[in-house]
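Text of the file my_file_14.txt, holding compact mmCIF, C-alpha atoms and all ligand atoms:
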# COMPACT_ATOMS: atom_id res chain seq x y z
CA MET A 1 56.68 48.03 181.09
CA ALA A 2 59.06 49.52 183.64
CA VAL A 3 62.61 48.25 183.27
CA THR A 4 64.99 48.00 186.21
CA ALA A 5 68.74 47.54 185.80
CA VAL A 6 70.10 45.75 188.86
CA THR A 7 73.81 46.55 189.10
CA VAL A 8 76.46 44.97 191.32
CA ASP A 9 79.79 46.62 192.18
CA VAL A 10 82.36 43.84 192.63
CA GLU A 11 85.30 45.13 194.67
CA ALA A 12 87.33 44.13 197.72
CA ASP A 13 85.27 43.74 200.90
CA PHE A 14 84.61 47.19 202.30
CA ALA A 15 87.88 49.10 202.02
CA SER A 16 89.99 46.00 202.79
CA ASP A 17 92.05 43.70 200.54
CA SER A 18 89.87 40.72 201.36
CA LEU A 19 87.55 39.04 198.86
CA ARG A 20 86.15 36.58 201.39
CA ALA A 21 82.62 37.98 201.64
CA THR A 22 82.47 38.38 197.87
CA ASP A 23 83.68 34.80 197.28
CA VAL A 24 81.08 33.44 199.67
CA TRP A 25 78.06 35.54 198.67
CA LEU A 26 78.38 36.04 194.92
CA PRO A 27 77.15 32.50 194.22
CA TRP A 28 74.12 33.14 196.46
CA LEU A 29 73.44 36.36 194.59
CA LEU A 30 73.61 34.61 191.21
CA ASP A 31 71.07 32.03 192.38
CA LEU A 32 68.77 34.80 193.65
CA PHE A 33 69.02 36.55 190.27
CA ASP A 34 68.07 33.29 188.52
CA GLU A 35 65.06 32.94 190.80
CA HIS A 36 63.77 36.40 189.86
CA ALA A 37 64.81 36.35 186.19
CA VAL A 38 67.29 39.18 186.73
CA GLN A 39 69.79 39.85 183.99
CA ALA A 40 72.21 42.04 185.95
CA THR A 41 75.17 44.28 185.22
CA PHE A 42 78.38 43.61 187.19
CA PHE A 43 80.92 46.43 187.50
CA VAL A 44 84.10 44.52 188.35
CA VAL A 45 87.31 46.19 189.61
CA GLY A 46 90.17 45.27 187.24
CA ALA A 47 92.45 44.14 190.09
CA VAL A 48 89.67 41.85 191.36
CA ALA A 49 89.30 40.34 187.88
CA ARG A 50 93.07 39.63 187.86
CA ARG A 51 92.78 37.95 191.30
CA ARG A 52 89.69 35.95 190.27
CA PRO A 53 90.29 35.49 186.52
CA ALA A 54 87.46 32.96 186.10
CA LEU A 55 84.87 35.34 187.55
CA PRO A 56 84.06 37.65 184.60
CA ALA A 57 83.53 34.73 182.21
CA ALA A 58 81.41 32.93 184.83
CA LEU A 59 79.18 36.00 185.17
CA ARG A 60 78.77 36.21 181.41
CA ALA A 61 77.97 32.49 181.24
CA ARG A 62 75.07 33.13 183.65
CA GLY A 63 73.67 35.73 181.23
CA HIS A 64 74.94 38.94 182.86
CA VAL A 65 76.82 41.94 181.47
CA VAL A 66 80.33 42.63 182.81
CA ALA A 67 81.73 46.17 182.85
CA SER A 68 84.56 48.07 184.58
CA HIS A 69 84.65 49.62 188.05
CA GLY A 70 88.19 51.02 187.65
CA GLN A 71 91.48 49.19 188.12
CA THR A 72 92.19 49.94 191.79
CA HIS A 73 88.92 51.40 193.13
CA ARG A 74 90.59 54.71 193.99
CA PRO A 75 88.34 57.79 193.71
CA LEU A 76 88.98 59.15 190.22
CA THR A 77 88.58 62.72 191.48
CA GLN A 78 91.96 62.34 193.23
CA LEU A 79 93.87 61.26 190.12
CA GLY A 80 95.81 63.20 187.52
CA ALA A 81 94.96 62.82 183.83
CA LYS A 82 97.59 60.10 183.22
CA GLU A 83 96.52 58.04 186.24
CA LEU A 84 92.87 58.35 185.24
CA ASP A 85 93.69 57.11 181.75
CA LEU A 86 95.56 54.11 183.21
CA GLU A 87 92.61 53.24 185.50
CA LEU A 88 90.32 53.17 182.47
CA ARG A 89 92.64 51.28 180.13
CA ASP A 90 94.04 48.74 182.63
CA SER A 91 90.60 47.78 183.92
CA LYS A 92 89.19 47.48 180.40
CA ALA A 93 92.06 45.16 179.45
CA ALA A 94 91.66 43.08 182.63
CA ILE A 95 87.91 42.61 182.12
CA GLU A 96 88.31 41.81 178.43
CA ASP A 97 91.14 39.30 179.04
CA CYS A 98 89.09 37.50 181.70
CA ALA A 99 85.62 37.79 180.18
CA GLY A 100 86.63 37.05 176.60
CA ALA A 101 84.37 39.85 175.38
CA ALA A 102 84.48 43.60 174.83
CA CYS A 103 84.10 45.81 177.92
CA THR A 104 82.26 48.98 176.91
CA GLY A 105 80.71 50.14 180.20
CA PHE A 106 82.11 51.87 183.27
CA ARG A 107 81.13 52.97 186.78
CA ALA A 108 83.27 55.40 188.78
CA PRO A 109 84.18 54.11 192.27
CA PHE A 110 82.16 55.97 194.95
CA PHE A 111 80.31 57.69 192.05
CA ALA A 112 83.23 60.14 192.26
CA ALA A 113 83.33 61.19 188.62
CA PRO A 114 85.58 64.13 187.68
CA PRO A 115 84.23 66.58 185.06
CA HIS A 116 86.64 65.29 182.39
CA LEU A 117 85.60 61.65 182.88
CA TYR A 118 83.51 61.39 179.71
CA ALA A 119 86.25 62.61 177.40
CA ALA A 120 88.67 60.15 179.04
CA LEU A 121 86.13 57.30 178.69
CA ALA A 122 85.64 58.04 175.00
CA THR A 123 89.41 58.10 174.41
CA ALA A 124 89.83 54.77 176.23
CA GLY A 125 87.11 53.16 174.08
CA TYR A 126 84.09 53.06 176.38
CA ALA A 127 80.56 53.62 175.04
CA TRP A 128 78.50 54.09 178.20
CA SER A 129 78.75 54.84 181.90
CA SER A 130 76.67 54.64 185.07
CA SER A 131 78.85 56.91 187.19
CA MET A 132 76.50 59.60 188.36
CA ALA A 133 74.19 59.54 191.34
CA PRO A 134 72.74 61.98 193.85
CA LEU A 135 75.67 63.13 196.04
CA SER A 136 78.16 62.59 193.19
CA PRO A 137 80.30 65.63 192.34
CA ILE A 138 78.80 66.11 188.88
CA SER A 139 75.19 65.14 189.38
CA GLY A 140 73.82 68.56 188.37
CA PRO A 141 71.91 68.42 185.07
CA ARG A 142 73.66 71.47 183.63
CA LEU A 143 77.15 70.12 184.20
CA ARG A 144 76.07 66.71 182.94
CA ARG A 145 74.78 68.16 179.69
CA ARG A 146 77.95 70.18 179.21
CA GLN A 147 80.21 67.17 179.80
CA GLN A 148 78.24 64.84 177.60
CA ALA A 149 78.00 67.28 174.74
CA VAL A 150 81.67 66.75 173.94
CA THR A 151 81.63 62.95 173.75
CA SER A 152 79.52 60.10 172.47
CA VAL A 153 79.56 58.31 175.85
CA VAL A 154 76.05 57.68 177.19
CA GLU A 155 75.51 58.28 180.92
CA ILE A 156 72.85 56.25 182.73
CA PRO A 157 72.76 57.62 186.30
CA VAL A 158 71.61 55.89 189.44
CA PRO A 159 68.43 57.77 190.45
CA ARG A 160 67.32 59.06 193.83
CA LEU A 161 65.75 56.74 196.37
CA GLY A 162 62.20 58.08 196.14
CA ARG A 163 62.43 61.82 196.86
CA LEU A 164 65.53 61.57 199.02
CA PRO A 165 68.83 63.05 197.82
CA VAL A 166 70.65 59.69 198.09
CA PRO A 167 71.30 57.02 195.43
CA ASP A 168 68.89 54.09 195.22
CA GLY A 169 70.88 51.10 196.38
CA LEU A 170 70.71 48.26 198.87
CA SER A 171 72.72 50.24 201.46
CA TYR A 172 70.17 53.09 201.73
CA ARG A 173 67.18 50.73 201.39
CA ARG A 174 68.63 48.78 204.37
CA LEU A 175 69.23 51.93 206.37
CA LEU A 176 65.64 53.10 205.83
CA TRP A 177 63.96 49.69 206.04
CA PRO A 178 61.03 48.95 206.27
CA VAL A 179 59.85 52.41 205.08
CA SER A 180 61.99 52.07 201.93
CA ARG A 181 60.04 48.96 200.92
CA HIS A 182 57.19 51.22 199.78
CA VAL A 183 59.31 53.00 197.17
CA GLY A 184 58.79 51.29 193.81
CA ALA A 185 61.37 49.79 191.48
CA PRO A 186 64.02 52.29 190.32
CA SER A 187 65.46 52.52 186.80
CA VAL A 188 68.91 51.59 188.15
CA PHE A 189 69.66 49.92 191.50
CA TYR A 190 73.09 49.11 192.97
CA LEU A 191 74.52 46.82 195.62
CA HIS A 192 77.73 45.11 196.76
CA PRO A 193 78.16 41.38 197.50
CA TYR A 194 79.92 42.20 200.79
CA GLU A 195 76.70 43.76 202.15
CA LEU A 196 75.34 40.21 202.31
CA THR A 197 77.88 38.75 204.74
CA SER A 198 77.13 38.19 208.42
CA ASP A 199 80.85 38.27 209.20
CA PRO A 200 82.37 41.71 208.62
CA SER A 201 85.61 40.89 210.51
CA ASP A 202 87.75 41.51 207.40
CA PHE A 203 86.22 44.94 206.71
CA ALA A 204 88.53 47.93 207.07
CA LEU A 205 85.75 50.16 208.35
CA PRO A 206 86.55 53.25 210.37
CA ALA A 207 85.03 52.74 213.84
CA ALA A 208 82.73 55.73 213.45
CA TRP A 209 81.16 54.27 210.30
CA ARG A 210 80.67 50.75 211.61
CA PRO A 211 77.19 51.05 213.12
CA LEU A 212 75.84 52.90 210.08
CA MET A 213 77.42 50.65 207.44
CA LEU A 214 76.52 47.41 209.18
CA VAL A 215 72.89 48.22 209.90
CA ARG A 216 70.73 45.36 208.59
CA SER A 217 73.70 43.72 206.83
CA GLY A 218 74.18 39.96 206.52
CA SER A 219 71.02 37.86 206.74
CA ALA A 220 68.81 40.97 207.09
CA ALA A 221 70.31 42.40 203.88
CA ARG A 222 69.73 39.09 202.09
CA SER A 223 66.09 39.00 203.05
CA ILE A 224 65.60 42.71 202.17
CA LEU A 225 67.10 42.17 198.70
CA SER A 226 65.01 39.09 198.16
CA ASP A 227 61.83 40.96 199.29
CA LEU A 228 62.58 43.91 197.00
CA LEU A 229 63.18 41.77 193.91
CA GLY A 230 60.01 39.80 194.69
CA ASP A 231 57.95 43.00 195.16
CA TRP A 232 59.25 44.56 191.96
CA GLN A 233 58.68 41.39 189.98
CA ARG A 234 55.08 41.18 191.25
CA ASP A 235 54.59 44.85 190.34
CA GLY A 236 55.52 43.98 186.75
CA ALA A 237 59.11 45.23 186.58
CA ALA A 238 61.36 43.63 183.97
CA PHE A 239 65.00 43.19 184.93
CA ALA A 240 67.47 43.86 182.14
CA ALA A 241 71.16 44.68 181.88
CA LEU A 242 72.68 48.05 181.03
CA PRO A 243 73.09 49.83 178.73
CA HIS A 244 69.96 48.71 176.87
CA ALA A 245 67.74 48.54 179.95
CA ALA A 246 67.59 52.26 180.47
CA GLU A 247 66.48 55.17 178.39
CA PRO A 248 69.07 57.78 179.35
CA ALA A 249 66.72 60.75 178.89
CA ARG A 250 64.02 59.26 181.10
CA VAL A 251 66.51 58.26 183.78
CA ALA A 252 68.17 61.66 183.73
CA ALA A 253 64.84 63.32 184.48
CA ALA A 254 64.49 61.25 187.63
CA ILE A 255 67.78 62.31 189.23
ZN ZN B 301 82.76 50.58 194.41
Could you render the structure as structure tokens?
Ligand SMILES: [Zn+2]
Amino acid sequence: MAVTAVTVDVEADFASDSLRATDVWLPWLLDLFDEHAVQATFFVVGAVARRRPALPAALRARGHVVASHGQTHRPLTQLGAKELDLELRDSKAAIEDCAGAACTGFRAPFFAAPPHLYAALATAGYAWSSSMAPLSPISGPRLRRRQQAVTSVVEIPVPRLGRLPVPDGLSYRRLLWPVSRHVGAPSVFYLHPYELTSDPSDFALPAAWRPLMLVRSGSAARSILSDLLGDWQRDGAAFAALPHAAEPARVAAAI
């Protein structure tokens, strides 16, 4: 049976400091996941966990896995070795304090994973990562093999959306809707709670990006997500959390 890992990146609402859209739409998302028997993986920014300390434990109580999405959501490719180490350690501590359980998984913000990420993850005590995707700086299979050879950290990448060189997530499915509805369930899928809001007034979007980023957001995004989960469920997909949901070798072949 095909297994799909639905993953949610929990961060401030689109490049702002606001958590309003996330506060409003996370509960809706959790109910939708219950409806479709989705055990999801939430990559929570450490600073968000500190601002909403009850959130990681609440996600776990609903049956989901909680992992790290960095401490500040800065692109790791712009950080020195010491800053990178702090991002990994601070966020791990924040998630563990708030969730009351070990945090062993990681996703790089913007899928911007520097070549030395895996060694740094292993040193900081992580066991697995879902930081690579089409368009990410180290998505090439050769570089991936070289980086992973030196550590025990397992990488479970986000695959392509069909044959397109973009990651399979709600944002690109929305952009290419309804054509994207015909692409089957991916091994890993990602989305953000803020995509579900009909009120993007808090977003710190550059004007040039606005039309592209807001296409089919809000209620349209909610119905697209609900349609996709329903389609995949009918097609026999099982929804399970990372890292056990995915076979890394099989997923790697799809990227
Ligand atoms: Zn993110």
Let me see if you get this right: every residue at most 12 Å from ligand ZN 301 (chain B), counting all atoms listed in the file, written as JSON, numbers by chain.
{"A": [7, 8, 9, 10, 11, 12, 13, 14, 15, 16, 42, 43, 44, 45, 46, 48, 68, 69, 70, 71, 72, 73, 74, 75, 76, 106, 107, 108, 109, 110, 111, 112, 130, 131, 190, 191, 192, 193, 194, 195]}
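Closest to Ala122 in chain A among A:Leu214, A:Leu88, A:Ala101, A:Val3 is A:Leu88, based on all atoms listed in the file.
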Axis-aligned box for range 101-104 of chain A, 5 Å per side, centre and edges in Å as JSON:
{"center_x": 83.4, "center_y": 44.4, "center_z": 176.4, "size_x": 12.2, "size_y": 19.1, "size_z": 13.1}
Rounded to one decimal, what separation in Å do you get between CA of Asp17 in chain A and CA of Leu32 in chain A?
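Interatomic distance here is 25.9 Å.
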For Gln39 in chain A, the nearest of the candidates A:Arg62, A:Arg89, A:Arg174, A:Arg20, counting all atoms listed in the file
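Checking each candidate against Gln39 in chain A, we get A:Arg62 as the closest.
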Could you list as number ranges by chain every residue that has an atom within 12 Å of (70.7, 33.9, 194.2), using the file's coordinates and counting only C-alpha atoms?
A: 24-40, 62, 193, 196, 222-223, 225-226, 229
Which residue is closest to Pro56 in chain A? Choose from A:Leu170, A:Ala185, A:Leu86, A:Ile95 and count all atoms listed in the file.
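Using all atoms listed in the file, Pro56 in chain A sits closest to A:Ile95.
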Give me, please, the distance in Å between CA of Ser136 in chain A and CA of Ile156 in chain A, quoted to one decimal.
13.3 Å
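When only C-alpha atoms are used to compute distances to Leu117 in chain A, the closest of the residues A:Leu161, A:Val153, A:Ala93, A:Cys98 turns out to be A:Val153.
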Pick the closest to Gly80 in chain A from A:His116, A:Arg51, A:Lys92, A:Arg160: which is it, counting all atoms listed in the file?
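Result for the nearest residue to Gly80 in chain A: A:His116.
CA of Gly162 in chain A sits 28.3 Å away from CA of Thr22 in chain A.
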Would you list the contacts of Asp168 in chain A as a VMD selection string, taking every protein, DNA or RNA residue within 12 Å and counting all atoms listed in the file, but skipping same-chain residues closer than 4 positions in sequence?
chain A and resid 4 to 7 132 to 135 157 to 164 172 to 176 180 to 181 183 to 191 254 to 255
Which one of A:Ala113, A:Ala2, A:Ala204, A:Ala102 sits closest to Thr77 in chain A if you count all atoms listed in the file?
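Looking only at the distances to Thr77 in chain A, the closest residue turns out to be A:Ala113.
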Reconstructed range 93-116 of chain A, atom set N, CA and C atoms, as a PDB file, in the coordinates of the input:
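Result written to part23.pdb:
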ATOM      1  N   ALA A  93      91.259  46.307 179.911  1.00  0.00           N
ATOM      2  CA  ALA A  93      92.060  45.160 179.450  1.00  0.00           C
ATOM      3  C   ALA A  93      91.859  43.953 180.359  1.00  0.00           C
ATOM      4  N   ALA A  94      91.822  44.195 181.676  1.00  0.00           N
ATOM      5  CA  ALA A  94      91.660  43.080 182.630  1.00  0.00           C
ATOM      6  C   ALA A  94      90.318  42.386 182.427  1.00  0.00           C
ATOM      7  N   ILE A  95      89.249  43.194 182.294  1.00  0.00           N
ATOM      8  CA  ILE A  95      87.910  42.610 182.120  1.00  0.00           C
ATOM      9  C   ILE A  95      87.843  41.855 180.790  1.00  0.00           C
ATOM     10  N   GLU A  96      88.394  42.455 179.746  1.00  0.00           N
ATOM     11  CA  GLU A  96      88.310  41.810 178.430  1.00  0.00           C
ATOM     12  C   GLU A  96      89.120  40.523 178.386  1.00  0.00           C
ATOM     13  N   ASP A  97      90.321  40.528 178.996  1.00  0.00           N
ATOM     14  CA  ASP A  97      91.140  39.300 179.040  1.00  0.00           C
ATOM     15  C   ASP A  97      90.373  38.187 179.752  1.00  0.00           C
ATOM     16  N   CYS A  98      89.719  38.532 180.870  1.00  0.00           N
ATOM     17  CA  CYS A  98      89.090  37.500 181.700  1.00  0.00           C
ATOM     18  C   CYS A  98      87.692  37.123 181.209  1.00  0.00           C
ATOM     19  N   ALA A  99      86.989  38.078 180.603  1.00  0.00           N
ATOM     20  CA  ALA A  99      85.620  37.790 180.180  1.00  0.00           C
ATOM     21  C   ALA A  99      85.584  37.216 178.762  1.00  0.00           C
ATOM     22  N   GLY A 100      86.620  37.497 177.993  1.00  0.00           N
ATOM     23  CA  GLY A 100      86.630  37.050 176.600  1.00  0.00           C
ATOM     24  C   GLY A 100      85.620  37.800 175.754  1.00  0.00           C
ATOM     25  N   ALA A 101      85.317  39.036 176.145  1.00  0.00           N
ATOM     26  CA  ALA A 101      84.370  39.850 175.380  1.00  0.00           C
ATOM     27  C   ALA A 101      84.705  41.319 175.593  1.00  0.00           C
ATOM     28  N   ALA A 102      84.196  42.176 174.722  1.00  0.00           N
ATOM     29  CA  ALA A 102      84.480  43.600 174.830  1.00  0.00           C
ATOM     30  C   ALA A 102      83.866  44.183 176.108  1.00  0.00           C
ATOM     31  N   CYS A 103      84.596  45.099 176.732  1.00  0.00           N
ATOM     32  CA  CYS A 103      84.100  45.810 177.920  1.00  0.00           C
ATOM     33  C   CYS A 103      83.859  47.250 177.505  1.00  0.00           C
ATOM     34  N   THR A 104      82.587  47.637 177.423  1.00  0.00           N
ATOM     35  CA  THR A 104      82.260  48.980 176.910  1.00  0.00           C
ATOM     36  C   THR A 104      81.642  49.887 177.958  1.00  0.00           C
ATOM     37  N   GLY A 105      81.388  49.352 179.171  1.00  0.00           N
ATOM     38  CA  GLY A 105      80.710  50.140 180.200  1.00  0.00           C
ATOM     39  C   GLY A 105      81.587  50.401 181.407  1.00  0.00           C
ATOM     40  N   PHE A 106      81.264  51.446 182.156  1.00  0.00           N
ATOM     41  CA  PHE A 106      82.110  51.870 183.270  1.00  0.00           C
ATOM     42  C   PHE A 106      81.269  52.467 184.399  1.00  0.00           C
ATOM     43  N   ARG A 107      81.690  52.226 185.643  1.00  0.00           N
ATOM     44  CA  ARG A 107      81.130  52.970 186.780  1.00  0.00           C
ATOM     45  C   ARG A 107      82.274  53.494 187.638  1.00  0.00           C
ATOM     46  N   ALA A 108      82.245  54.788 187.944  1.00  0.00           N
ATOM     47  CA  ALA A 108      83.270  55.400 188.780  1.00  0.00           C
ATOM     48  C   ALA A 108      83.129  54.915 190.224  1.00  0.00           C
ATOM     49  N   PRO A 109      84.243  54.482 190.858  1.00  0.00           N
ATOM     50  CA  PRO A 109      84.180  54.110 192.270  1.00  0.00           C
ATOM     51  C   PRO A 109      83.641  55.274 193.108  1.00  0.00           C
ATOM     52  N   PHE A 110      82.788  54.980 194.052  1.00  0.00           N
ATOM     53  CA  PHE A 110      82.160  55.970 194.950  1.00  0.00           C
ATOM     54  C   PHE A 110      81.315  56.996 194.177  1.00  0.00           C
ATOM     55  N   PHE A 111      80.996  56.715 192.919  1.00  0.00           N
ATOM     56  CA  PHE A 111      80.310  57.690 192.050  1.00  0.00           C
ATOM     57  C   PHE A 111      81.090  59.011 192.010  1.00  0.00           C
ATOM     58  N   ALA A 112      82.390  58.930 192.247  1.00  0.00           N
ATOM     59  CA  ALA A 112      83.230  60.140 192.260  1.00  0.00           C
ATOM     60  C   ALA A 112      83.774  60.353 190.850  1.00  0.00           C
ATOM     61  N   ALA A 113      82.978  61.013 190.035  1.00  0.00           N
ATOM     62  CA  ALA A 113      83.330  61.190 188.620  1.00  0.00           C
ATOM     63  C   ALA A 113      83.827  62.615 188.380  1.00  0.00           C
ATOM     64  N   PRO A 114      85.083  62.771 187.955  1.00  0.00           N
ATOM     65  CA  PRO A 114      85.580  64.130 187.680  1.00  0.00           C
ATOM     66  C   PRO A 114      84.948  64.663 186.399  1.00  0.00           C
ATOM     67  N   PRO A 115      84.905  65.980 186.227  1.00  0.00           N
ATOM     68  CA  PRO A 115      84.230  66.580 185.060  1.00  0.00           C
ATOM     69  C   PRO A 115      84.789  66.083 183.716  1.00  0.00           C
ATOM     70  N   HIS A 116      86.073  65.714 183.676  1.00  0.00           N
ATOM     71  CA  HIS A 116      86.640  65.290 182.390  1.00  0.00           C
ATOM     72  C   HIS A 116      86.513  63.785 182.179  1.00  0.00           C
TER      73      HIS A 116
END
